[in-house]
Structure formats: structure tokens, C-alpha cells
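Below is one structure, written out as C-alpha cells, with a few remarks after it.
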Amino acid sequence: MREVHGLLRERLAFRPRCKATCRRSALLDWFRSTRHAVLFATATFWEGIDVVGDALSCVVIDRLPFPSPSEPLVAARIAALEAQGRSGFEHYMIPSAIVRLKQGFGRLIRSTTDRGVVALLDGRATSMRLRGDDRRCACPPATRIDDLALLDDLFRH
């Protein structure tokens, strides 16, 4: 994330008004009020964020949001499921990732007039079979594109 931020900072002549250490609410106020703003955020921005309208038109998800199996609570839940003869991945990790992915979509679409792009960059999203369905079935209805040139058409309508 820092590397991409550095590349964009040079390219866009970015002059931050708020450093990375400022409060989340201050970052959101800046983001909502700054035209063509770019906000790089971590998982803390997946929940409880409301940016309606054109201020937010793209959410980039770099990888599927699986919980970390090294976190003690996650490890305990997986162990409990596996002690019952159930797959921790299938019965805990996948449902958790699906909920988090839906939250990512929810950041973008906050009203009936909102529109934009969710860029899901993790190739596993189209190759994994999840609960008998592929991951797209877990996402809200959306037009799927593989060619970035098609974005112009989507935003023209």
C-alpha cells in the first residue's frame, strides 16, 4: 500500500492535508470534501463508513478478506470446528470472507443512485469454488468486466 501511495503521490502531485496518523473522522471529512481524492485505507475502513454519492466511485480490494488463522480467536474457532469433524476453512473462513466482501461492496453503494466499481484483484475470486457456488454469487448483483477499457462505457451511462 505504501509503494502504490508513493507512486500516486509523485504522479498526482499529492499534497496531504492530513497525515496517516490523523483520526479516521478527519480523514473521512477530507475525503468527502476533496474532489478526485484517493484514500488508501486498511480494514478499519470496511465497517461504519458512509460516503454517499460521487465522492466514492471505486473500491479496490487487493485480496479476498479471509480472517488471519494466526489470530487466537480464529484459530480457536477453526480448531473447534475441526474437532467436530467439520472443515474450518469451509465453515468459518469462507463465510467470514463472504461477509467481509459484502461489506466492501457496501462501502461503495450507499444509496439507490450510487454507482461505481469494485475492483477485486485477487485471482482466486474467480477460480475458487465456495459453498458449491463461485464467489460472484456471494456478491451483490453487478456487471463483471475483465477489460478495463469497458469502464468508460459503464460510467457514460
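Within each chain, counting starts at residue 1; across the C-alpha cells, chains are named A, B, ... in the order shown, with ligands numbered 1 upward in that order.
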DSSP on the backbone: what in stretch 2-155 of chain A comes out alpha helix (DSSP H), as a ChimeraX atom specification? /A:2-12,24-33,72-83,88,94-108,124-127,151-155
Which residues come within 9 Å of A:Glu47, counting only C-alpha atoms, excluding same-chain residues fewer than 6 positions away, as a ChimeraX atom specification? /A:100,103-104,106-107
As an MDAnalysis selection string, please: the residues near A:Val4 (cut-off 10 Å, only C-alpha atoms, same-chain neighbours under 4 positions excluded). chainID A and resid 8:9 40
Kindly provide the residues of stretch 50-127 of chain A that approach stretch 27-39 of chain A to within 10 Å, each paired with its closest atom pair and their distance in Å to one decimal, based on only C-alpha atoms, listed by chain and increasing number, as a Markdown table.
| residue | atom | partner | partner_atom | distance |
| --- | --- | --- | --- | --- |
| A:Asp50 | CA | A:Leu28 | CA | 8.9 |
| A:Val51 | CA | A:Arg32 | CA | 6.8 |
| A:Val52 | CA | A:Arg32 | CA | 8.6 |
| A:Gly53 | CA | A:Arg32 | CA | 9.4 |
| A:Asp54 | CA | A:Arg35 | CA | 9.1 |
| A:Ala55 | CA | A:Arg32 | CA | 5.6 |
| A:Leu56 | CA | A:Arg32 | CA | 8.0 |
| A:Ser57 | CA | A:His36 | CA | 9.6 |
| A:Cys58 | CA | A:Val38 | CA | 9.5 |
| A:Val59 | CA | A:Leu39 | CA | 9.7 |
If DSSP is run on the backbone, what residues of stretch 14-104 of chain A are strand (DSSP E or B)? A reply as a ChimeraX atom specification would be ideal. /A:58-61
Write the residues you've just listed into a file as a PDB file, in the first residue's frame, and include N, CA, C and O atoms for each of them.
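The result, written out as result_7.pdb:
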ATOM      1  N   CYS A  58     -14.904   4.156  -6.501  1.00  0.00           N
ATOM      2  CA  CYS A  58     -14.130   2.932  -6.707  1.00  0.00           C
ATOM      3  C   CYS A  58     -13.610   2.408  -5.374  1.00  0.00           C
ATOM      4  O   CYS A  58     -13.052   3.162  -4.579  1.00  0.00           O
ATOM      5  N   VAL A  59     -13.824   1.132  -5.149  1.00  0.00           N
ATOM      6  CA  VAL A  59     -13.252   0.435  -4.002  1.00  0.00           C
ATOM      7  C   VAL A  59     -12.375  -0.667  -4.568  1.00  0.00           C
ATOM      8  O   VAL A  59     -12.829  -1.477  -5.366  1.00  0.00           O
ATOM      9  N   VAL A  60     -11.115  -0.675  -4.188  1.00  0.00           N
ATOM     10  CA  VAL A  60     -10.177  -1.682  -4.651  1.00  0.00           C
ATOM     11  C   VAL A  60      -9.929  -2.663  -3.507  1.00  0.00           C
ATOM     12  O   VAL A  60      -9.556  -2.257  -2.408  1.00  0.00           O
ATOM     13  N   ILE A  61     -10.170  -3.924  -3.780  1.00  0.00           N
ATOM     14  CA  ILE A  61      -9.926  -4.986  -2.808  1.00  0.00           C
ATOM     15  C   ILE A  61      -8.790  -5.824  -3.368  1.00  0.00           C
ATOM     16  O   ILE A  61      -8.957  -6.506  -4.374  1.00  0.00           O
TER      17      ILE A  61
END
For A:Asp153, list every protein, DNA or RNA residue within 12 Å, evaluated using only C-alpha atoms, and leave out those in the same chain fewer than 5 positions away; present the list as a PyMOL selection string. chain A and resi 116+143+145+147-148
Could you write those residues out with N, CA, C and O atoms, as a PDB file, in the first residue's frame?
ATOM      1  N   GLY A 116     -20.513   2.754  -9.208  1.00  0.00           N
ATOM      2  CA  GLY A 116     -19.067   2.757  -9.180  1.00  0.00           C
ATOM      3  C   GLY A 116     -18.516   1.382  -9.482  1.00  0.00           C
ATOM      4  O   GLY A 116     -19.214   0.501  -9.989  1.00  0.00           O
ATOM      5  N   THR A 143     -22.245  -5.874 -12.799  1.00  0.00           N
ATOM      6  CA  THR A 143     -21.690  -6.199 -14.103  1.00  0.00           C
ATOM      7  C   THR A 143     -20.236  -6.572 -13.908  1.00  0.00           C
ATOM      8  O   THR A 143     -19.482  -5.835 -13.279  1.00  0.00           O
ATOM      9  N   ILE A 145     -16.544  -7.240 -15.437  1.00  0.00           N
ATOM     10  CA  ILE A 145     -15.723  -6.980 -16.609  1.00  0.00           C
ATOM     11  C   ILE A 145     -14.298  -7.464 -16.346  1.00  0.00           C
ATOM     12  O   ILE A 145     -13.847  -7.502 -15.207  1.00  0.00           O
ATOM     13  N   ASP A 147     -11.935  -6.375 -18.840  1.00  0.00           N
ATOM     14  CA  ASP A 147     -11.207  -5.457 -19.695  1.00  0.00           C
ATOM     15  C   ASP A 147     -11.435  -4.030 -19.188  1.00  0.00           C
ATOM     16  O   ASP A 147     -12.566  -3.528 -19.198  1.00  0.00           O
ATOM     17  N   LEU A 148     -10.377  -3.367 -18.730  1.00  0.00           N
ATOM     18  CA  LEU A 148     -10.509  -2.022 -18.174  1.00  0.00           C
ATOM     19  C   LEU A 148     -11.049  -1.007 -19.182  1.00  0.00           C
ATOM     20  O   LEU A 148     -11.617   0.008 -18.790  1.00  0.00           O
TER      21      LEU A 148
END
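Among the candidates A:Ile49, A:Leu150, A:Leu64, A:Leu81, the one nearest to A:Val117 when counting only C-alpha atoms is A:Leu150.
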Show me, as a list in words, the residues that have an atom within 9 Å of A:Ala97 when counting only C-alpha atoms, minus same-chain residues fewer than 4 positions from it.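 Counting only the stated atoms, we get Leu64, Pro65, Phe66, Pro67, Tyr92, Met93, Leu101 and Lys102 of chain A.
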